[in-house]
Structure formats: C-alpha cells, structure tokens
>>> print(open('input_30.txt').read())   # compact mmCIF, C-alpha atoms
# COMPACT_ATOMS: atom_id res chain seq x y z
CA MET A 1 93.04 47.16 84.27
CA GLU A 2 89.37 46.38 84.71
CA TYR A 3 86.75 48.38 86.55
CA LYS A 4 83.19 48.19 87.78
CA ILE A 5 81.05 51.21 88.49
CA ALA A 6 78.37 51.77 91.10
CA VAL A 7 76.52 55.07 91.60
CA LYS A 8 74.63 55.42 94.89
CA GLY A 9 73.18 58.57 96.40
CA GLY A 10 75.43 61.07 94.68
CA THR A 11 78.59 58.96 95.10
CA PHE A 12 80.31 57.49 92.09
CA GLU A 13 82.45 54.48 92.99
CA ALA A 14 84.82 52.83 90.55
CA LYS A 15 86.26 49.52 91.72
CA LEU A 16 89.48 48.88 89.84
CA SER A 17 91.24 45.56 89.56
CA LYS A 18 94.37 43.88 88.16
CA LYS A 19 97.15 46.27 87.07
CA ILE A 20 97.17 49.98 86.22
CA THR A 21 99.94 50.61 83.70
CA PHE A 22 100.79 52.74 80.68
CA SER A 23 98.69 50.54 78.39
CA ASP A 24 95.54 51.38 80.38
CA LEU A 25 95.59 55.09 79.58
CA ASP A 26 92.65 55.02 77.13
CA GLY A 27 90.49 52.88 79.43
CA PHE A 28 91.34 55.08 82.39
CA ARG A 29 90.48 58.27 80.51
CA GLU A 30 87.13 56.72 79.57
CA MET A 31 86.46 55.91 83.22
CA VAL A 32 87.34 59.46 84.29
CA LYS A 33 84.99 60.85 81.63
CA ARG A 34 82.17 58.69 83.01
CA MET A 35 82.97 59.95 86.51
CA VAL A 36 82.87 63.58 85.44
CA ASP A 37 79.77 63.14 83.25
CA SER A 38 77.90 61.46 86.12
CA GLY A 39 77.65 64.83 87.88
CA SER A 40 78.24 63.11 91.23
CA ASN A 41 79.42 65.15 94.19
CA SER A 42 81.82 62.58 95.50
CA HIS A 43 83.93 59.96 93.81
CA ILE A 44 85.70 56.90 95.15
CA VAL A 45 88.38 54.96 93.35
CA ASP A 46 88.57 51.61 95.12
CA LEU A 47 92.07 50.17 94.75
CA ALA A 48 91.66 47.14 97.01
CA ASP A 49 91.82 44.69 94.10
CA VAL A 50 94.60 46.47 92.21
CA GLU A 51 97.73 44.37 92.51
CA PHE A 52 100.18 46.67 90.74
CA ILE A 53 100.52 50.28 89.62
CA ASP A 54 103.41 51.81 87.66
CA SER A 55 104.49 55.43 87.34
CA ALA A 56 102.15 56.00 84.39
CA GLY A 57 99.30 54.67 86.54
CA LEU A 58 100.11 57.21 89.25
CA GLY A 59 99.92 59.88 86.54
CA MET A 60 96.43 58.66 85.65
CA LEU A 61 95.28 59.06 89.25
CA LEU A 62 96.57 62.64 89.14
CA LEU A 63 94.64 63.18 85.93
CA ALA A 64 91.45 61.90 87.58
CA ARG A 65 91.98 64.19 90.54
CA ASP A 66 92.43 67.23 88.30
CA GLU A 67 89.37 66.52 86.16
CA ILE A 68 87.18 65.91 89.18
CA SER A 69 88.42 68.96 91.07
CA LYS A 70 87.43 71.12 88.06
CA LYS A 71 83.83 70.14 88.91
CA SER A 72 84.42 71.02 92.57
CA SER A 73 83.70 67.47 93.62
CA SER A 74 85.78 65.17 95.78
CA LEU A 75 87.88 62.09 95.09
CA ILE A 76 88.94 59.46 97.60
CA LEU A 77 91.42 56.67 96.92
CA LYS A 78 90.16 53.70 98.88
CA SER A 79 91.97 50.70 100.38
CA PRO A 80 95.27 50.57 98.48
CA ARG A 81 97.20 47.40 99.34
CA GLY A 82 100.66 45.95 98.91
CA GLN A 83 102.72 47.43 96.08
CA VAL A 84 100.03 50.03 95.32
CA GLN A 85 100.06 51.28 98.91
CA ARG A 86 103.87 51.44 98.87
CA MET A 87 103.92 53.37 95.59
CA LEU A 88 101.39 55.90 96.90
CA HIS A 89 103.48 56.34 100.05
CA VAL A 90 106.82 56.66 98.23
CA ALA A 91 105.33 59.30 95.90
CA ARG A 92 103.74 61.11 98.87
CA PHE A 93 100.27 60.89 97.36
CA GLU A 94 98.78 61.57 100.78
CA LEU A 95 99.73 65.22 100.18
CA LYS A 96 97.63 65.35 97.04
CA PHE A 97 94.77 62.91 97.72
CA ASP A 98 92.35 61.83 100.40
CA ILE A 99 93.35 58.24 100.98
CA ASP A 100 91.12 55.89 102.93
CA ASN A 101 93.46 53.18 104.18
CA ASN A 102 90.67 51.05 105.60
CA GLN A 103 91.60 47.66 104.18
CA GLY A 104 88.05 46.26 104.22
CA PRO A 105 87.55 42.52 103.79
CA ASP A 106 90.43 40.36 102.58
CA PRO A 107 90.49 39.87 98.81
CA GLU A 108 89.01 36.57 97.62
CA MET B 1 101.83 57.05 43.46
CA MET B 2 102.33 60.73 44.35
CA GLU B 3 100.64 60.05 47.67
CA ASN B 4 103.02 57.14 48.39
CA LEU B 5 106.00 59.35 47.58
CA GLY B 6 104.65 61.96 49.99
CA ILE B 7 104.30 59.39 52.76
CA LYS B 8 107.79 58.03 52.07
CA LYS B 9 109.24 61.54 52.21
CA TYR B 10 107.43 62.16 55.47
CA TYR B 11 108.75 58.95 57.06
CA ASP B 12 112.26 59.59 55.77
CA ARG B 13 112.22 63.02 57.37
CA LEU B 14 110.78 61.59 60.59
CA SER B 15 113.47 58.95 60.62
CA ASP B 16 116.17 61.62 60.17
CA ASP B 17 114.66 63.73 62.94
CA LEU B 18 114.61 60.76 65.31
CA ARG B 19 118.21 59.91 64.48
CA VAL B 20 119.30 63.46 65.33
CA ALA B 21 117.15 63.47 68.47
CA LYS B 22 118.78 60.23 69.63
CA ILE B 23 122.23 61.78 69.21
CA MET B 24 121.08 64.85 71.13
CA GLN B 25 119.71 62.67 73.90
CA LYS B 26 122.91 60.69 74.13
CA SER B 27 124.71 63.97 74.75
CA LEU B 28 122.78 64.26 78.05
CA LEU B 29 124.65 61.20 79.34
CA PRO B 30 128.24 61.34 80.60
CA PRO B 31 130.76 60.38 77.91
CA GLN B 32 132.93 57.33 78.53
CA LEU B 33 136.08 59.48 78.72
CA LYS B 34 134.58 61.47 81.58
CA ILE B 35 133.61 58.29 83.43
CA GLU B 36 137.12 56.91 83.06
CA ALA B 37 138.65 60.18 84.25
CA ILE B 38 136.42 60.18 87.36
CA SER B 39 137.26 56.55 87.99
CA LYS B 40 140.94 57.51 88.22
CA SER B 41 140.65 60.90 89.95
CA HIS B 42 138.05 59.87 92.56
CA LYS B 43 138.78 56.14 92.80
CA LEU B 44 135.23 55.23 91.90
CA ASN B 45 134.35 52.38 89.58
CA ILE B 46 131.34 53.44 87.49
CA ALA B 47 129.44 50.94 85.32
CA TYR B 48 126.16 51.54 83.56
CA GLN B 49 123.66 50.07 81.15
CA CYS B 50 120.96 52.01 79.30
CA GLU B 51 118.32 50.55 77.00
CA SER B 52 115.04 51.90 75.66
CA PRO B 53 112.23 50.02 73.88
CA ASP B 54 111.35 53.29 72.13
CA ASP B 55 113.49 55.36 69.79
CA LEU B 56 113.93 57.93 72.53
CA ALA B 57 114.25 57.43 76.26
CA GLY B 58 112.46 59.24 79.08
CA ASN B 59 115.36 59.03 81.51
CA PHE B 60 118.95 60.14 81.99
CA TRP B 61 121.69 60.17 84.57
CA GLY B 62 124.98 61.88 85.18
CA VAL B 63 127.93 62.40 87.45
CA ASP B 64 129.84 65.66 87.86
CA VAL B 65 133.05 66.53 89.68
CA PHE B 66 132.51 69.21 92.32
CA ASP B 67 136.05 69.13 93.76
CA PRO B 68 138.77 66.55 94.48
CA ASP B 69 136.67 65.06 97.29
CA ARG B 70 133.12 65.46 96.05
CA LEU B 71 131.07 64.13 93.16
CA PHE B 72 127.49 64.93 92.27
CA PHE B 73 125.35 62.03 91.04
CA TYR B 74 121.82 62.24 89.61
CA MET B 75 119.30 60.07 87.85
CA ALA B 76 115.86 61.09 86.56
CA ASP B 77 113.02 59.26 84.86
CA PHE B 78 109.87 60.80 83.38
CA SER B 79 106.47 59.16 83.57
CA GLY B 80 105.09 57.82 80.32
CA HIS B 81 106.98 56.83 77.22
CA GLY B 82 108.13 58.06 73.85
CA LEU B 83 108.49 61.57 72.53
CA SER B 84 106.82 63.53 75.32
CA ALA B 85 108.94 61.85 78.01
CA ALA B 86 112.06 62.36 75.88
CA LEU B 87 111.35 66.07 75.35
CA ASN B 88 110.91 66.44 79.09
CA THR B 89 114.42 65.06 79.69
CA PHE B 90 115.79 68.07 77.79
CA ARG B 91 113.61 70.42 79.82
CA LEU B 92 114.84 69.02 83.11
CA HIS B 93 118.46 68.93 82.00
CA SER B 94 118.28 72.63 81.14
CA ILE B 95 116.67 73.53 84.45
CA MET B 96 119.31 71.53 86.33
CA SER B 97 122.09 73.59 84.81
CA VAL B 98 120.54 76.76 86.27
CA TYR B 99 120.98 75.55 89.87
CA GLY B 100 124.13 73.42 89.52
CA ASN B 101 126.56 76.07 90.79
CA ASP B 102 124.51 76.73 93.93
CA LEU B 103 124.68 73.04 94.73
CA GLN B 104 128.41 72.92 94.14
CA ASP B 105 129.19 75.83 96.48
CA ASN B 106 126.84 74.41 99.16
CA SER B 107 124.33 77.26 98.83
CA LEU B 108 121.78 74.53 98.10
CA SER B 109 121.46 71.08 99.63
CA PRO B 110 120.30 68.18 97.43
CA ALA B 111 116.83 68.64 98.97
CA ASP B 112 116.82 72.39 98.17
CA TYR B 113 117.93 71.51 94.66
CA LEU B 114 115.01 69.11 94.15
CA GLU B 115 112.63 71.76 95.50
CA LYS B 116 113.86 74.20 92.84
CA LEU B 117 113.60 71.63 90.06
CA ASN B 118 110.14 70.61 91.25
CA ARG B 119 108.82 74.15 91.29
CA ASP B 120 110.10 74.86 87.78
CA LEU B 121 108.81 71.60 86.37
CA PHE B 122 105.43 72.06 88.03
CA ALA B 123 104.98 75.26 86.03
CA LEU B 124 105.84 73.46 82.78
CA LEU B 125 104.29 70.01 82.93
CA PRO B 126 100.71 68.90 82.41
CA THR B 127 99.13 67.00 85.30
CA GLU B 128 99.90 63.43 84.34
CA GLN B 129 103.55 64.10 83.49
CA TYR B 130 106.17 64.10 86.21
CA ALA B 131 109.66 62.84 86.93
CA THR B 132 111.13 60.64 89.59
CA MET B 133 114.63 61.63 90.57
CA LEU B 134 117.43 60.99 92.98
CA CYS B 135 120.45 63.23 93.38
CA GLY B 136 123.23 63.31 95.88
CA ILE B 137 126.78 64.18 96.75
CA ILE B 138 129.42 61.52 97.25
CA ASP B 139 131.91 62.87 99.76
CA LEU B 140 135.07 60.76 99.68
CA LYS B 141 136.64 62.57 102.63
CA ARG B 142 133.68 62.06 104.93
CA ASP B 143 132.83 58.62 103.45
CA VAL B 144 129.17 59.53 102.98
CA PHE B 145 126.51 59.83 100.31
CA THR B 146 124.16 62.73 101.01
CA PHE B 147 121.05 62.60 98.88
CA ALA B 148 117.47 63.66 98.29
CA ALA B 149 114.81 61.61 96.54
CA ALA B 150 111.67 62.19 94.53
CA ALA B 151 110.15 58.69 94.39
CA PRO B 152 112.70 56.77 92.32
CA PRO B 153 112.97 52.97 92.67
CA ALA B 154 114.82 52.45 95.97
CA PRO B 155 118.59 52.35 95.27
CA VAL B 156 120.50 49.66 97.14
CA LYS B 157 123.83 49.65 98.92
CA MET B 158 125.99 46.56 99.17
CA THR B 159 129.43 45.67 100.43
CA VAL B 160 131.58 44.11 97.74
CA GLY B 161 131.49 40.31 97.97
CA LEU B 162 129.01 40.14 100.86
CA GLN B 163 125.32 39.24 101.01
CA ASP B 164 124.32 42.38 102.90
CA ILE B 165 121.98 44.69 101.07
CA ILE B 166 120.34 47.91 102.26
CA ALA B 167 117.61 49.81 100.40
CA LEU B 168 117.84 53.59 100.56
CA ASP B 169 114.68 55.54 101.44
CA PRO B 170 113.34 56.83 98.09
CA SER B 171 110.23 58.62 99.37
CA GLY B 172 109.48 62.15 98.21
CA ALA B 173 106.94 63.72 95.87
CA PRO B 174 107.79 63.16 92.18
CA LEU B 175 109.02 66.34 90.48
CA GLY B 176 106.27 68.39 88.88
CA MET B 177 103.42 66.91 90.91
CA ILE B 178 103.01 69.23 93.91
CA GLU B 179 103.97 72.88 93.52
CA ASP B 180 105.44 73.48 96.97
CA ALA B 181 106.70 69.98 97.74
CA ALA B 182 109.50 69.76 100.29
CA TYR B 183 112.27 67.17 100.24
CA GLU B 184 114.51 65.66 102.90
CA VAL B 185 118.28 65.41 103.03
CA ARG B 186 119.33 61.84 103.85
CA GLU B 187 122.82 60.64 104.51
CA ILE B 188 124.32 57.14 104.52
CA PRO B 189 127.89 55.91 105.02
CA PHE B 190 129.60 55.14 101.71
CA LYS B 191 133.05 53.67 102.34
CA LYS B 192 135.70 51.86 100.38
CA ASN B 193 134.53 48.50 99.01
CA GLU B 194 130.92 49.59 99.16
CA MET B 195 128.64 49.84 96.15
CA LEU B 196 125.59 51.92 95.33
CA PHE B 197 123.23 50.52 92.73
CA PHE B 198 120.77 52.89 91.04
CA TYR B 199 118.23 51.64 88.52
CA SER B 200 115.01 52.39 86.70
CA ASP B 201 111.77 50.54 87.44
CA ALA B 202 112.28 48.32 84.37
CA LEU B 203 114.53 46.12 86.52
CA ILE B 204 111.60 45.38 88.84
CA GLU B 205 108.61 45.69 86.52
CA SER B 206 109.81 43.80 83.43
CA GLN B 207 108.09 40.49 82.83
CA ASP B 208 109.69 37.08 82.85
CA MET B 209 109.05 34.41 80.22
CA LYS B 210 105.83 33.36 82.01
CA GLY B 211 104.47 36.90 82.00
CA ASP B 212 105.11 37.45 85.73
CA MET B 213 106.81 40.60 86.91
CA ILE B 214 110.44 40.21 88.02
CA GLY B 215 109.44 41.83 91.33
CA GLU B 216 111.44 43.10 94.27
CA ASP B 217 112.33 39.72 95.80
CA LYS B 218 113.88 38.36 92.62
CA PHE B 219 115.65 41.67 92.05
CA ILE B 220 117.25 41.39 95.51
CA ASP B 221 118.23 37.77 94.77
CA PHE B 222 119.90 38.85 91.51
CA CYS B 223 121.78 41.58 93.38
CA CYS B 224 123.08 39.22 96.07
CA GLU B 225 124.06 36.51 93.58
CA ALA B 226 125.84 38.99 91.30
CA ASN B 227 127.62 40.59 94.25
CA MET B 228 128.93 37.23 95.45
CA ALA B 229 130.01 36.16 91.96
CA ALA B 230 131.48 39.36 90.52
CA ARG B 231 135.27 39.16 90.13
CA PRO B 232 136.59 41.79 89.93
CA PRO B 233 133.83 43.68 91.82
CA GLY B 234 133.54 46.18 88.96
CA LYS B 235 131.94 43.38 86.91
CA PHE B 236 128.87 43.34 89.19
CA LEU B 237 126.62 44.90 86.59
CA ASP B 238 127.69 42.39 83.93
CA TYR B 239 126.77 39.52 86.25
CA PHE B 240 123.53 41.20 87.27
CA MET B 241 122.47 41.87 83.68
CA GLU B 242 123.29 38.28 82.72
CA LYS B 243 120.88 37.07 85.43
CA PHE B 244 118.29 39.66 84.42
CA ASP B 245 118.55 38.86 80.70
CA SER B 246 118.19 35.14 81.31
CA HIS B 247 114.84 35.73 83.03
CA VAL B 248 113.25 38.65 81.25
CA ALA B 249 111.14 38.65 78.10
CA ARG B 250 112.04 41.15 75.37
CA PRO B 251 111.16 43.72 74.21
CA LEU B 252 111.13 45.60 77.51
CA THR B 253 108.07 47.67 78.34
CA GLY B 254 110.02 50.56 79.86
CA ASP B 255 113.34 52.37 79.77
CA LEU B 256 116.13 50.49 81.51
CA THR B 257 118.92 52.31 83.27
CA ALA B 258 121.27 50.60 85.73
CA ILE B 259 124.28 52.29 87.29
CA THR B 260 126.74 51.03 89.87
CA LEU B 261 129.20 53.18 91.78
CA ILE B 262 131.84 51.20 93.66
CA ARG B 263 134.38 52.88 95.90
CA LYS B 264 137.87 51.55 95.27
>>> encode(input="input_30.txt", output="structure tokens")
Amino acid sequence: MEYKIAVKGGTFEAKLSKKITFSDLDGFREMVKRMVDSGSNSHIVDLADVEFIDSAGLGMLLLARDEISKKSSSLILKSPRGQVQRMLHVARFELKFDIDNNQGPDPE
Amino acid sequence: MMENLGIKKYYDRLSDDLRVAKIMQKSLLPPQLKIEAISKSHKLNIAYQCESPDDLAGNFWGVDVFDPDRLFFYMADFSGHGLSAALNTFRLHSIMSVYGNDLQDNSLSPADYLEKLNRDLFALLPTEQYATMLCGIIDLKRDVFTFAAAAPPAPVKMTVGLQDIIALDPSGAPLGMIEDAAYEVREIPFKKNEMLFFYSDALIESQDMKGDMIGEDKFIDFCCEANMAARPPGKFLDYFMEKFDSHVARPLTGDLTAITLIRK
C-alpha cells in the first residue's frame, strides 16, 4: 500500500493506492495516527486507486473509523472500485461507513 | 552462556506450547471417522484440505448430524493471522456450542444463529478483529441447502461432471463488526449429483509464480476443469488442488481451507 496526503480547509484526504493487505498494518496505523493528529474535522480515504483489499485490510478501515470517531470527526470512504467495491458490499460496510461511490475520473 | 540457556529454555517451552495448541486446534475440526460415518449415513461425500502458513490457523469448519435427514455445516475464518486469530477460533467455537441446540430444534434459523454469534463476538473482539462465516442446514429430504452468510468467499455449486457453476450470495456483515447486524436466510436446491465447494480466501488471493493473484476467473477455471476431469466425482478436490498447486507460489500468505460436499 502507498498513500499520499492532502489537507485542505479542515479536510484530511488520504489517497491510497496498490493493495491493502495484512503486511500494510504498520503503514496503515501510521497513516491513521497522522489523520488523528491533524485535528481535522473531516477525513476522506480515497480508494479509487486501490486495486485489492483483503480481510485484514477491511479490519484496518474499521480501525481508522474507530480512531477518528473518538475525536468526533467524520470519515468517508471515497470511490471504491472493482474488487474493493465488491468486498465492501459483501461485508456490508455501508452500514458502518459513509461511502461515496462517485467513481471520479478513470484511473490512468 | 546463562543468558543463552535462558533463551533456549524459553523457546523450548514456546515450542511445546505451540505443539499442544496445534493439537487443541485440530480437535476443533471433525475427525475422519465422523466424516466417514456421515458419508455413509447421509450419502454425502465430504473431502477437505486445510493448510496454514503459521503454526496455528485462524479458521475452522465442521459438520454435525441433526437428524437422519439434516446436517449442519459451518466454516469460519478470522481476520488477521497467527496467535490472536487462532485464539479467536476457540472463542467462537465455544460460543457456537451455546446456541447449537436451538438451531437443531429449529428454534433458531441459520440467520438467527449468526445474529447470536455476532452479538457475542462483538462484545469480545477489538475493532479490527472479526470473523467471516457461513453456516447452513443440508436437508436431504427437501433437497435444499438453507444458509446464512457473514462475508465469506462466495461458495460455489456445481453439478458433477458439468461445466455449470453458480456462486452463492455471501453478503452479510462479518461477525463481531456491527453489534446489531441482521442476517438473511437463503436457500438453494441441493440435489443428488450436485456439489457445494466452500473455501477460504487463500484460494483466490494466493499469488502465482509471477506474483499475480490467482483471482476469481482462474479459480472458476480450475473448478470447471477439475469438475470435468474428476473420476470418481469425489476426487474433485484432488484435481482442483493439483491445478492450484501447479500455479501457486509457496509459502501461502493465508490459511487455506477447501471443503467439498457432494450428494451421492
């Protein structure tokens, strides 16, 4: 997993790419810490460029949601595609997360 | 020197503990004698393969006799790897035994059963830990499989010797994720000469020799090829695993469980 961060007007956006799997746990925790430490009111995890997520990766998204909700701020999962979108649907993540299914521009 | 002896003693003890834990975990799985007895009593061919890259696995499965016409099948897989996932298998197995009788006497449907398990696990598990699960009742009299799902890899149904393949709907909140999650009862025909194939995500997510994931398309191809080639039909899993093993790079990155149930 790789990620890029942009903070604009109180919104913290992390754009993730490649795969989110068990081996990314440390990197993901570091990203969540940066999100929480930023003090932003709203957070977006952009999944448009994530090609694959496994069950451990879903657990990491839950972890992010919990940490951010402790600060009473919001988290949106943005533009999941393909396998990631299917995994979120199968696991009923729409019951736990705000998911923005706007697909945005096609990936390069 | 004393320090080295201390470390050696520590690792020896750890090794012993792991050996005992592995035996305990194996006891969660149905013994071969039970599988053979069910095969005769309920005319169901059961084949399975389990493999873990770690000392302990985070998944288990089982099949229980409810009565001469009904069997209960289940398969569960915890997120993550190693010791924490393995310990959670014991937790879930214990909780399952609390509600088993209610399922057997029809007081609970498979969906009600998952709701109970989910609520209990939610109270026990930290946020990032959860289990996927599928459980259902095979009714030989009615020729149906009635099940509920909590986000496992989609099981498939095939007719022995044919190319047809149907994926079962696996959607449902993983156990332990949402406190008051509700589940659906789903029912499919399950007749003689039909096969149900349940598996862990390692069959889809393992990497081939080039580092690419096996993926769903190749998995379906393996299923169809093995189903056409398997003689007798009970050898399906052997053929499937031969295909899988010839493509996949070892060691695996996740726990592998594959189970076929074929009605005779």
>>> interface_residues(input="input_30.txt", of="chain B", to="chain A", cutoff="12 Å", atoms="all atoms listed in the file", output="ChimeraX atom specification")
/B:77-82,85,125-133,149-154,168-183,200-202,204-206,212-213,215-216,253-254
>>> atom_distance(input="input_30.txt", atom1="CA of Pro189 in chain B", atom2="CA of Cys224 in chain B")
19.5 Å
>>> atom_distance(input="input_30.txt", atom1="CA of Asp46 in chain A", atom2="CA of Ser72 in chain A")
20.0 Å
>>> atom_distance(input="input_30.txt", atom1="CA of Glu13 in chain A", atom2="CA of Lys70 in chain A")
18.1 Å
>>> closest_residue(input="input_30.txt", among="B:Ile35, B:Val65, B:Ile166, B:Ile188", to="Asn101 in chain B", atoms="all atoms listed in the file")
B:Val65
>>> closest_residue(input="input_30.txt", among="A:Asn101, A:Asn41, A:Thr11, A:Ser17", to="Ser69 in chain A", atoms="all atoms listed in the file")
A:Asn41
>>> closest_residue(input="input_30.txt", among="B:Pro233, B:Leu203, B:Arg142, B:Ile7", to="Asp217 in chain B", atoms="all atoms listed in the file")
B:Leu203
>>> closest_residue(input="input_30.txt", among="A:Lys18, A:Arg81, A:Lys71, A:His43", to="Asp98 in chain A", atoms="only C-alpha atoms")
A:His43
>>> closest_residue(input="input_30.txt", among="A:Ser73, A:Phe97, A:Glu51, A:Ser42", to="Gln85 in chain A", atoms="all atoms listed in the file")
A:Glu51
>>> closest_residue(input="input_30.txt", among="B:Asp67, B:Gln25, B:Lys191, B:Leu114", to="Asn88 in chain B", atoms="only C-alpha atoms")
B:Gln25
>>> axis_aligned_box(input="input_30.txt", around="range 44-59 of chain B", padding_each_side="3 Å", output="lines of an AutoDock Vina configuration file")
center_x = 123.3
center_y = 54.6
center_z = 80.8
size_x = 29.9
size_y = 15.2
size_z = 28.1
